[in-house]
Structure formats: structure tokens, C-alpha cells
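**Q** mmCIF, N, CA and C atoms, saved as target-v8.cif, coming up:
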```cif
data_query
#
loop_
_atom_site.label_atom_id
_atom_site.label_comp_id
_atom_site.auth_asym_id
_atom_site.auth_seq_id
_atom_site.Cartn_x
_atom_site.Cartn_y
_atom_site.Cartn_z
N MET A 250 93.39 67.80 121.25
CA MET A 250 94.15 68.91 120.68
C MET A 250 93.15 69.94 120.17
N SER A 251 93.45 71.18 120.39
CA SER A 251 92.53 72.23 119.96
C SER A 251 92.55 72.35 118.44
N PRO A 252 91.45 72.83 117.86
CA PRO A 252 91.39 72.91 116.40
C PRO A 252 92.36 73.92 115.80
N ARG A 253 92.79 74.92 116.58
CA ARG A 253 93.70 75.92 116.01
C ARG A 253 95.13 75.44 115.92
N ARG A 254 95.46 74.41 116.67
CA ARG A 254 96.83 73.90 116.65
C ARG A 254 96.93 72.75 115.66
N LYS A 255 97.91 72.82 114.84
CA LYS A 255 98.11 71.78 113.84
C LYS A 255 99.47 71.15 114.06
N ASN A 256 99.52 69.87 113.90
CA ASN A 256 100.80 69.18 113.97
C ASN A 256 101.47 69.28 112.63
N THR A 257 102.40 70.18 112.54
CA THR A 257 103.16 70.28 111.30
C THR A 257 104.51 69.65 111.55
N PRO A 258 104.92 68.76 110.70
CA PRO A 258 106.19 68.09 110.93
C PRO A 258 107.35 69.08 110.83
N ALA A 259 108.32 68.89 111.71
CA ALA A 259 109.51 69.75 111.72
C ALA A 259 110.38 69.38 110.53
N PRO A 260 111.03 70.37 109.95
CA PRO A 260 111.99 70.04 108.89
C PRO A 260 113.02 69.04 109.44
N ALA A 261 113.42 68.15 108.61
CA ALA A 261 114.30 67.06 109.03
C ALA A 261 115.53 67.56 109.77
N GLY A 262 115.72 67.05 110.97
CA GLY A 262 116.94 67.32 111.72
C GLY A 262 117.02 68.66 112.44
N LEU A 263 115.98 69.50 112.35
CA LEU A 263 116.05 70.80 113.03
C LEU A 263 115.41 70.73 114.41
N THR A 264 116.07 71.33 115.39
CA THR A 264 115.49 71.42 116.72
C THR A 264 114.43 72.52 116.70
N VAL A 265 113.66 72.61 117.78
CA VAL A 265 112.65 73.66 117.89
C VAL A 265 113.33 75.03 117.82
N LEU A 266 114.43 75.20 118.53
CA LEU A 266 115.13 76.49 118.50
C LEU A 266 115.62 76.82 117.10
N GLU A 267 116.18 75.86 116.41
CA GLU A 267 116.64 76.10 115.03
C GLU A 267 115.49 76.51 114.12
N GLN A 268 114.33 75.89 114.30
CA GLN A 268 113.16 76.26 113.50
C GLN A 268 112.75 77.70 113.78
N VAL A 269 112.75 78.09 115.06
CA VAL A 269 112.35 79.45 115.46
C VAL A 269 113.35 80.46 114.91
N LEU A 270 114.63 80.19 115.06
CA LEU A 270 115.65 81.12 114.57
C LEU A 270 115.60 81.24 113.05
N ARG A 271 115.34 80.15 112.36
CA ARG A 271 115.24 80.20 110.90
C ARG A 271 114.03 81.04 110.48
N ALA A 272 112.93 80.92 111.19
CA ALA A 272 111.71 81.63 110.82
C ALA A 272 111.72 83.10 111.22
N HIS A 273 112.40 83.44 112.33
CA HIS A 273 112.27 84.80 112.87
C HIS A 273 113.58 85.55 113.02
N GLY A 274 114.67 84.96 112.65
CA GLY A 274 115.94 85.65 112.74
C GLY A 274 116.66 85.37 114.05
N LEU A 275 117.80 86.01 114.21
CA LEU A 275 118.67 85.71 115.35
C LEU A 275 118.60 86.73 116.47
N LEU A 276 117.75 87.75 116.35
CA LEU A 276 117.68 88.78 117.39
C LEU A 276 116.52 88.54 118.34
N CYS A 277 116.70 88.97 119.57
CA CYS A 277 115.70 88.84 120.62
C CYS A 277 114.48 89.71 120.29
N VAL A 278 113.28 89.20 120.56
CA VAL A 278 112.05 89.92 120.26
C VAL A 278 111.49 90.68 121.46
N CYS A 279 112.23 90.81 122.52
CA CYS A 279 111.76 91.37 123.78
C CYS A 279 110.98 92.67 123.61
N ALA A 280 111.53 93.63 122.94
CA ALA A 280 110.88 94.94 122.71
C ALA A 280 110.44 95.61 124.01
N GLY A 281 111.19 95.41 125.08
CA GLY A 281 110.90 96.09 126.33
C GLY A 281 110.08 95.29 127.33
N ALA A 282 109.65 94.07 126.99
CA ALA A 282 108.86 93.26 127.91
C ALA A 282 109.64 92.92 129.18
N CYS A 283 110.97 93.01 129.11
CA CYS A 283 111.81 92.67 130.26
C CYS A 283 111.90 93.83 131.26
N GLY A 284 111.38 94.99 130.89
CA GLY A 284 111.45 96.14 131.76
C GLY A 284 112.57 97.09 131.41
N THR A 285 113.40 96.73 130.46
CA THR A 285 114.48 97.58 130.00
C THR A 285 114.04 98.27 128.72
N GLU A 286 114.22 99.58 128.66
CA GLU A 286 113.88 100.30 127.44
C GLU A 286 114.93 99.99 126.38
N HIS A 287 114.50 99.43 125.28
CA HIS A 287 115.41 99.14 124.18
C HIS A 287 115.23 100.21 123.12
N PRO A 288 116.30 100.92 122.74
CA PRO A 288 116.16 101.89 121.66
C PRO A 288 115.69 101.18 120.40
N SER A 289 114.89 101.80 119.66
CA SER A 289 114.32 101.28 118.41
C SER A 289 113.41 100.07 118.66
N ARG A 290 112.95 99.90 119.91
CA ARG A 290 112.04 98.82 120.29
C ARG A 290 112.57 97.43 119.96
N GLU A 291 113.85 97.31 119.69
CA GLU A 291 114.45 96.00 119.48
C GLU A 291 115.55 95.80 120.50
N CYS A 292 115.61 94.63 121.07
CA CYS A 292 116.62 94.34 122.08
C CYS A 292 118.00 94.31 121.47
N GLY A 293 118.13 93.66 120.35
CA GLY A 293 119.45 93.52 119.74
C GLY A 293 120.27 92.43 120.40
N GLY A 294 119.72 91.82 121.45
CA GLY A 294 120.42 90.75 122.15
C GLY A 294 120.50 89.50 121.31
N HIS A 295 121.50 88.73 121.58
CA HIS A 295 121.66 87.47 120.88
C HIS A 295 122.32 86.49 121.82
N GLY A 296 122.24 85.25 121.49
CA GLY A 296 122.83 84.23 122.34
C GLY A 296 124.33 84.16 122.19
N THR A 297 124.93 83.50 123.16
CA THR A 297 126.37 83.25 123.11
C THR A 297 126.57 81.74 123.22
N GLU A 298 127.79 81.34 123.15
CA GLU A 298 128.07 79.91 123.27
C GLU A 298 127.66 79.40 124.65
N LYS A 299 127.92 80.21 125.69
CA LYS A 299 127.56 79.81 127.05
C LYS A 299 126.07 79.96 127.33
N SER A 300 125.44 80.95 126.73
CA SER A 300 124.02 81.22 126.92
C SER A 300 123.33 81.35 125.56
N PRO A 301 122.91 80.24 124.99
CA PRO A 301 122.29 80.31 123.66
C PRO A 301 120.90 80.96 123.73
N MET A 302 120.42 81.37 122.59
CA MET A 302 119.07 81.94 122.49
C MET A 302 118.05 80.92 122.97
N LEU A 303 116.89 81.41 123.35
CA LEU A 303 115.80 80.57 123.82
C LEU A 303 114.60 80.77 122.90
N ALA A 304 113.74 79.78 122.85
CA ALA A 304 112.50 79.89 122.08
C ALA A 304 111.35 79.90 123.06
N ALA A 305 110.56 80.97 123.04
CA ALA A 305 109.40 81.11 123.92
C ALA A 305 108.37 82.00 123.23
N PRO A 306 107.11 81.94 123.66
CA PRO A 306 106.09 82.78 123.04
C PRO A 306 106.36 84.26 123.32
N TYR A 307 105.87 85.12 122.44
CA TYR A 307 105.93 86.56 122.68
C TYR A 307 104.52 87.10 122.53
N PRO A 308 104.01 87.81 123.50
CA PRO A 308 104.61 88.09 124.79
C PRO A 308 104.62 86.84 125.65
N LEU A 309 105.53 86.81 126.58
CA LEU A 309 105.70 85.65 127.45
C LEU A 309 104.48 85.52 128.35
N PRO A 310 103.79 84.37 128.31
CA PRO A 310 102.60 84.19 129.16
C PRO A 310 102.95 84.25 130.64
N LEU A 311 101.92 84.45 131.47
CA LEU A 311 102.14 84.56 132.91
C LEU A 311 102.48 83.22 133.55
N THR A 312 102.01 82.13 132.99
CA THR A 312 102.27 80.83 133.62
C THR A 312 103.23 80.00 132.78
N GLU A 313 103.99 79.17 133.46
CA GLU A 313 104.92 78.30 132.76
C GLU A 313 104.18 77.24 131.95
N HIS A 314 102.99 76.85 132.42
CA HIS A 314 102.19 75.87 131.68
C HIS A 314 101.81 76.42 130.30
N GLU A 315 101.39 77.69 130.25
CA GLU A 315 101.05 78.30 128.97
C GLU A 315 102.27 78.39 128.06
N THR A 316 103.42 78.69 128.66
CA THR A 316 104.65 78.78 127.88
C THR A 316 105.01 77.41 127.31
N ALA A 317 104.93 76.38 128.14
CA ALA A 317 105.33 75.04 127.71
C ALA A 317 104.38 74.45 126.68
N SER A 318 103.12 74.87 126.70
CA SER A 318 102.15 74.28 125.79
C SER A 318 102.01 75.05 124.48
N ALA A 319 102.78 76.10 124.29
CA ALA A 319 102.69 76.89 123.06
C ALA A 319 103.24 76.10 121.88
N PRO A 320 102.54 76.13 120.74
CA PRO A 320 103.05 75.43 119.56
C PRO A 320 104.24 76.19 118.97
N VAL A 321 105.02 75.50 118.19
CA VAL A 321 106.24 76.07 117.59
C VAL A 321 105.93 77.34 116.80
N ALA A 322 104.80 77.39 116.15
CA ALA A 322 104.45 78.56 115.33
C ALA A 322 104.32 79.84 116.17
N GLU A 323 104.06 79.70 117.47
CA GLU A 323 103.89 80.87 118.34
C GLU A 323 105.18 81.25 119.05
N LEU A 324 106.25 80.50 118.86
CA LEU A 324 107.51 80.77 119.54
C LEU A 324 108.33 81.81 118.80
N ARG A 325 109.08 82.60 119.57
CA ARG A 325 109.96 83.62 119.02
C ARG A 325 111.31 83.53 119.74
N PRO A 326 112.37 84.08 119.16
CA PRO A 326 113.68 84.02 119.81
C PRO A 326 113.79 85.05 120.94
N TRP A 327 114.38 84.64 122.04
CA TRP A 327 114.63 85.50 123.20
C TRP A 327 116.09 85.35 123.59
N CYS A 328 116.75 86.45 123.95
CA CYS A 328 118.10 86.33 124.52
C CYS A 328 117.92 85.93 125.98
N PRO A 329 118.87 85.23 126.56
CA PRO A 329 118.72 84.74 127.93
C PRO A 329 118.46 85.85 128.95
N THR A 330 119.10 87.00 128.80
CA THR A 330 118.94 88.08 129.77
C THR A 330 117.50 88.60 129.78
N CYS A 331 116.97 88.90 128.63
CA CYS A 331 115.59 89.42 128.55
C CYS A 331 114.59 88.37 129.01
N TRP A 332 114.81 87.11 128.67
CA TRP A 332 113.90 86.05 129.06
C TRP A 332 113.85 85.92 130.58
N ARG A 333 115.03 85.94 131.24
CA ARG A 333 115.07 85.85 132.70
C ARG A 333 114.37 87.04 133.36
N LYS A 334 114.65 88.25 132.85
CA LYS A 334 114.02 89.44 133.43
C LYS A 334 112.51 89.41 133.24
N THR A 335 112.06 88.96 132.09
CA THR A 335 110.62 88.90 131.82
C THR A 335 109.96 87.85 132.70
N ARG A 336 110.59 86.70 132.88
CA ARG A 336 110.05 85.67 133.78
C ARG A 336 109.94 86.21 135.19
N LYS A 337 110.96 86.97 135.63
CA LYS A 337 110.93 87.53 136.98
C LYS A 337 109.77 88.53 137.11
N ARG A 338 109.61 89.39 136.10
CA ARG A 338 108.51 90.36 136.13
C ARG A 338 107.17 89.64 136.14
N ASN A 339 107.04 88.57 135.35
CA ASN A 339 105.79 87.81 135.33
C ASN A 339 105.50 87.16 136.67
N ALA A 340 106.54 86.63 137.33
CA ALA A 340 106.36 86.03 138.65
C ALA A 340 105.89 87.07 139.66
N GLU A 341 106.46 88.27 139.60
CA GLU A 341 106.03 89.35 140.49
C GLU A 341 104.59 89.75 140.21
N LEU A 342 104.23 89.82 138.94
CA LEU A 342 102.86 90.17 138.56
C LEU A 342 101.88 89.10 139.02
N ARG A 343 102.24 87.81 138.82
CA ARG A 343 101.40 86.71 139.27
C ARG A 343 101.19 86.77 140.78
N ALA A 344 102.26 87.05 141.53
CA ALA A 344 102.15 87.13 142.99
C ALA A 344 101.24 88.29 143.40
N GLU A 345 101.35 89.42 142.74
CA GLU A 345 100.48 90.56 143.04
C GLU A 345 99.03 90.24 142.73
N LEU A 346 98.77 89.57 141.60
CA LEU A 346 97.41 89.18 141.26
C LEU A 346 96.84 88.21 142.29
N ARG A 347 97.66 87.28 142.76
CA ARG A 347 97.22 86.35 143.82
C ARG A 347 96.88 87.11 145.10
N ARG A 348 97.73 88.08 145.47
CA ARG A 348 97.47 88.87 146.68
C ARG A 348 96.15 89.62 146.55
N GLN A 349 95.91 90.21 145.39
CA GLN A 349 94.66 90.95 145.18
C GLN A 349 93.45 90.03 145.26
N GLU A 350 93.55 88.84 144.64
CA GLU A 350 92.44 87.88 144.70
C GLU A 350 92.18 87.45 146.14
N LEU A 351 93.23 87.20 146.89
CA LEU A 351 93.07 86.79 148.28
C LEU A 351 92.43 87.91 149.10
N ASN A 352 92.89 89.14 148.90
CA ASN A 352 92.30 90.26 149.62
C ASN A 352 90.81 90.41 149.29
N GLU A 353 90.46 90.29 148.02
CA GLU A 353 89.06 90.41 147.62
C GLU A 353 88.22 89.27 148.20
N ALA A 354 88.79 88.08 148.24
CA ALA A 354 88.06 86.93 148.78
C ALA A 354 87.83 87.07 150.28
N GLN A 355 88.73 87.77 150.97
CA GLN A 355 88.61 87.91 152.42
C GLN A 355 87.77 89.09 152.85
N LEU A 356 87.43 89.98 151.94
CA LEU A 356 86.65 91.16 152.31
C LEU A 356 85.33 90.77 152.96
N GLY A 357 84.69 89.75 152.46
CA GLY A 357 83.42 89.31 153.02
C GLY A 357 83.53 88.80 154.44
N LEU A 358 84.69 88.33 154.82
CA LEU A 358 84.87 87.81 156.17
C LEU A 358 84.76 88.91 157.23
N PHE A 359 85.10 90.11 156.86
CA PHE A 359 85.12 91.20 157.82
C PHE A 359 83.97 92.17 157.64
N ASP A 360 83.03 91.84 156.78
CA ASP A 360 81.89 92.69 156.53
C ASP A 360 80.72 92.23 157.40
N VAL A 361 80.91 92.34 158.68
CA VAL A 361 79.91 91.88 159.64
C VAL A 361 79.19 93.10 160.18
N GLU A 362 77.86 93.02 160.16
CA GLU A 362 77.11 94.12 160.73
C GLU A 362 77.22 94.03 162.24
N ARG A 363 77.61 95.12 162.82
CA ARG A 363 77.76 95.14 164.27
C ARG A 363 76.43 95.58 164.89
N PRO A 364 76.09 95.00 166.01
CA PRO A 364 74.86 95.42 166.67
C PRO A 364 75.01 96.87 167.15
N ALA A 365 73.91 97.57 167.11
CA ALA A 365 73.93 98.96 167.57
C ALA A 365 74.25 99.01 169.05
N PRO A 366 75.05 99.99 169.45
CA PRO A 366 75.38 100.09 170.88
C PRO A 366 74.12 100.40 171.67
N VAL A 367 74.04 99.78 172.82
CA VAL A 367 72.88 99.98 173.69
C VAL A 367 73.16 101.19 174.57
N SER A 368 72.24 102.13 174.57
CA SER A 368 72.45 103.31 175.41
C SER A 368 71.78 103.08 176.78
N GLY A 369 72.21 103.80 177.67
CA GLY A 369 71.68 103.65 179.02
C GLY A 369 72.50 102.65 179.78
N GLY A 370 72.14 102.37 180.88
CA GLY A 370 72.95 101.44 181.63
C GLY A 370 72.17 100.84 182.77
N GLY A 371 72.85 100.07 183.45
CA GLY A 371 72.26 99.50 184.64
C GLY A 371 71.37 98.31 184.31
N ARG A 372 70.68 97.94 185.32
CA ARG A 372 69.85 96.76 185.22
C ARG A 372 68.53 97.02 184.68
#
```
Represent the supplied structure as C-alpha cells.
**A**
Amino acid sequence: MSPRRKNTPAPAGLTVLEQVLRAHGLLCVCAGACGTEHPSRECGGHGTEKSPMLAAPYPLPLTEHETASAPVAELRPWCPTCWRKTRKRNAELRAELRRQELNEAQLGLFDVERPAPVSGGGR
């Protein structure tokens, strides 16, 4: 375990989401990370019975591994809509970064010095 992460016991009977909502309130922290301009830089979104709020780091990391390994202290409330849109944007960004890395890795394959053309002809 890294030295910056501490195992702090959860208050008795509270889920991770309940801890996050108690610490940070009931509104989504998106602030435009989903690609939608939110007036006053607050989403104002909240969960419903069918789609409850989610707890995830803010800003949402590019990889799911980073998201899953975040300690409770780094989690913030997200409404389901903003969380889905942000995950989609992150997936698109990750794919673009992979394409760029692949293109850069392949540049050397085509950087072959061509022999100078031979002038003249015949035998």
C-alpha cells in the first residue's frame, strides 16, 4: 500500500456511496467534464431511484484501473448521465492516444534511406 493512502475505517453501516454523499453533498461534481456546459460550473444533476448517484474520482481518470483503485477520500458524487458521458469521452481520448503512439512507433519503419537513382543506362 502506498504511504499516501491510509486505511480509515468507514463509519459503522455506511456504504462507500453514503460516505461520499455525506462528505460532499448530493450534487454531481462534473463541472463540464462530460462535455456539456453547465451554467455556474455545477451540473446540478442528482440520482434517481432508478439511477442512483455514483462515487468516482474527480476528475475521472483515463483508465478503469485508476478509477477502481482510488481511495474513498478521493471519490466525489457523479450523476449517472455525466459519469457515462465522461467515461465515453475518456474512452475516445484513450483510443486517440493509442493511435498516436502506434503512429509514432511505426514512423521508424518507413524511414528507410533509398539508394540514389543510377543515371545512364545500358550495360
**Q** At a cut-off of 5 Å, using only N, CA and C atoms, what residues contact A:Cys277? Leave out same-chain residues fewer than 3 positions from it and give the result as number ranges by chain.
**A** A: 293-294, 326-328
**Q** Would you translate the PyMOL selection byres ((chain A and resi 283) around 5) into the concrete set of residues it matches in this file, as a VMD selection string?
**A** chain A and resid 281 to 282 284 to 285 334 to 335
**Q** Between A:His287, A:His314, A:Arg336, A:Arg325, which is the closest to A:Met302 once you count all atoms listed in the file?
**A**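 Ranked by minimum distance to A:Met302, first place goes to A:Arg325.
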**Q** Measure the distance from atom N of A:Thr264 to atom CA of A:Leu303 in Å and round it to one decimal.
**A**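 Computing the Euclidean distance for atom N of A:Thr264 and atom CA of A:Leu303 yields 12.5 Å.
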**Q** Please compute the atom N of A:Leu270-atom C of A:Ala340 distance, one decimal, in Å.
**A**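 Computing it gives 27.0 Å between the two atoms.
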**Q** Counting only C-alpha atoms, which residue out of A:Pro329, A:Pro320, A:Gly262, A:Gly274 sits closest to A:Ser300?
**A** A:Pro329
**Q** For A:Val321, find every residue with an atom within 9 Å (counting only C-alpha atoms), except residues of its own chain fewer than 6 positions away, and show them as a VMD selection string.
**A** chain A and resid 265 to 266 268 to 269 304 to 306
**Q** Using DSSP on the backbone coordinates, identify all residues within stretch 324-366 of chain A classified as strand (DSSP E or B); present the result as a list of chain:residue names.
**A**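 The residues of stretch 324-366 of chain A classed as strand (DSSP E or B) are A:Leu324, A:Arg325, A:Pro326, A:Trp327.
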**Q** For the residues in that selection, give me N, CA and C atoms as a PDB file, keeping the file's coordinate frame.
**A**
```pdb
ATOM      1  N   LEU A 324     106.250  80.500 118.860  1.00  0.00           N
ATOM      2  CA  LEU A 324     107.510  80.770 119.540  1.00  0.00           C
ATOM      3  C   LEU A 324     108.330  81.810 118.800  1.00  0.00           C
ATOM      4  N   ARG A 325     109.080  82.600 119.570  1.00  0.00           N
ATOM      5  CA  ARG A 325     109.960  83.620 119.020  1.00  0.00           C
ATOM      6  C   ARG A 325     111.310  83.530 119.740  1.00  0.00           C
ATOM      7  N   PRO A 326     112.370  84.080 119.160  1.00  0.00           N
ATOM      8  CA  PRO A 326     113.680  84.020 119.810  1.00  0.00           C
ATOM      9  C   PRO A 326     113.790  85.050 120.940  1.00  0.00           C
ATOM     10  N   TRP A 327     114.380  84.640 122.040  1.00  0.00           N
ATOM     11  CA  TRP A 327     114.630  85.500 123.200  1.00  0.00           C
ATOM     12  C   TRP A 327     116.090  85.350 123.590  1.00  0.00           C
TER      13      TRP A 327
END
```
**Q** So how far away is atom CA of A:Thr316 from atom CA of A:Gln349, in Å?
**A**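 Computed distance, atom CA of A:Gln349 to atom CA of A:Thr316, equals 23.4 Å.
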**Q** Name the closest residue to A:Glu345 among the candidates A:Leu263, A:Leu311, A:Thr330, A:Glu298; distances are taken between atoms, counting only C-alpha atoms.
**A**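 So, comparing all the options, the nearest one is A:Leu311.
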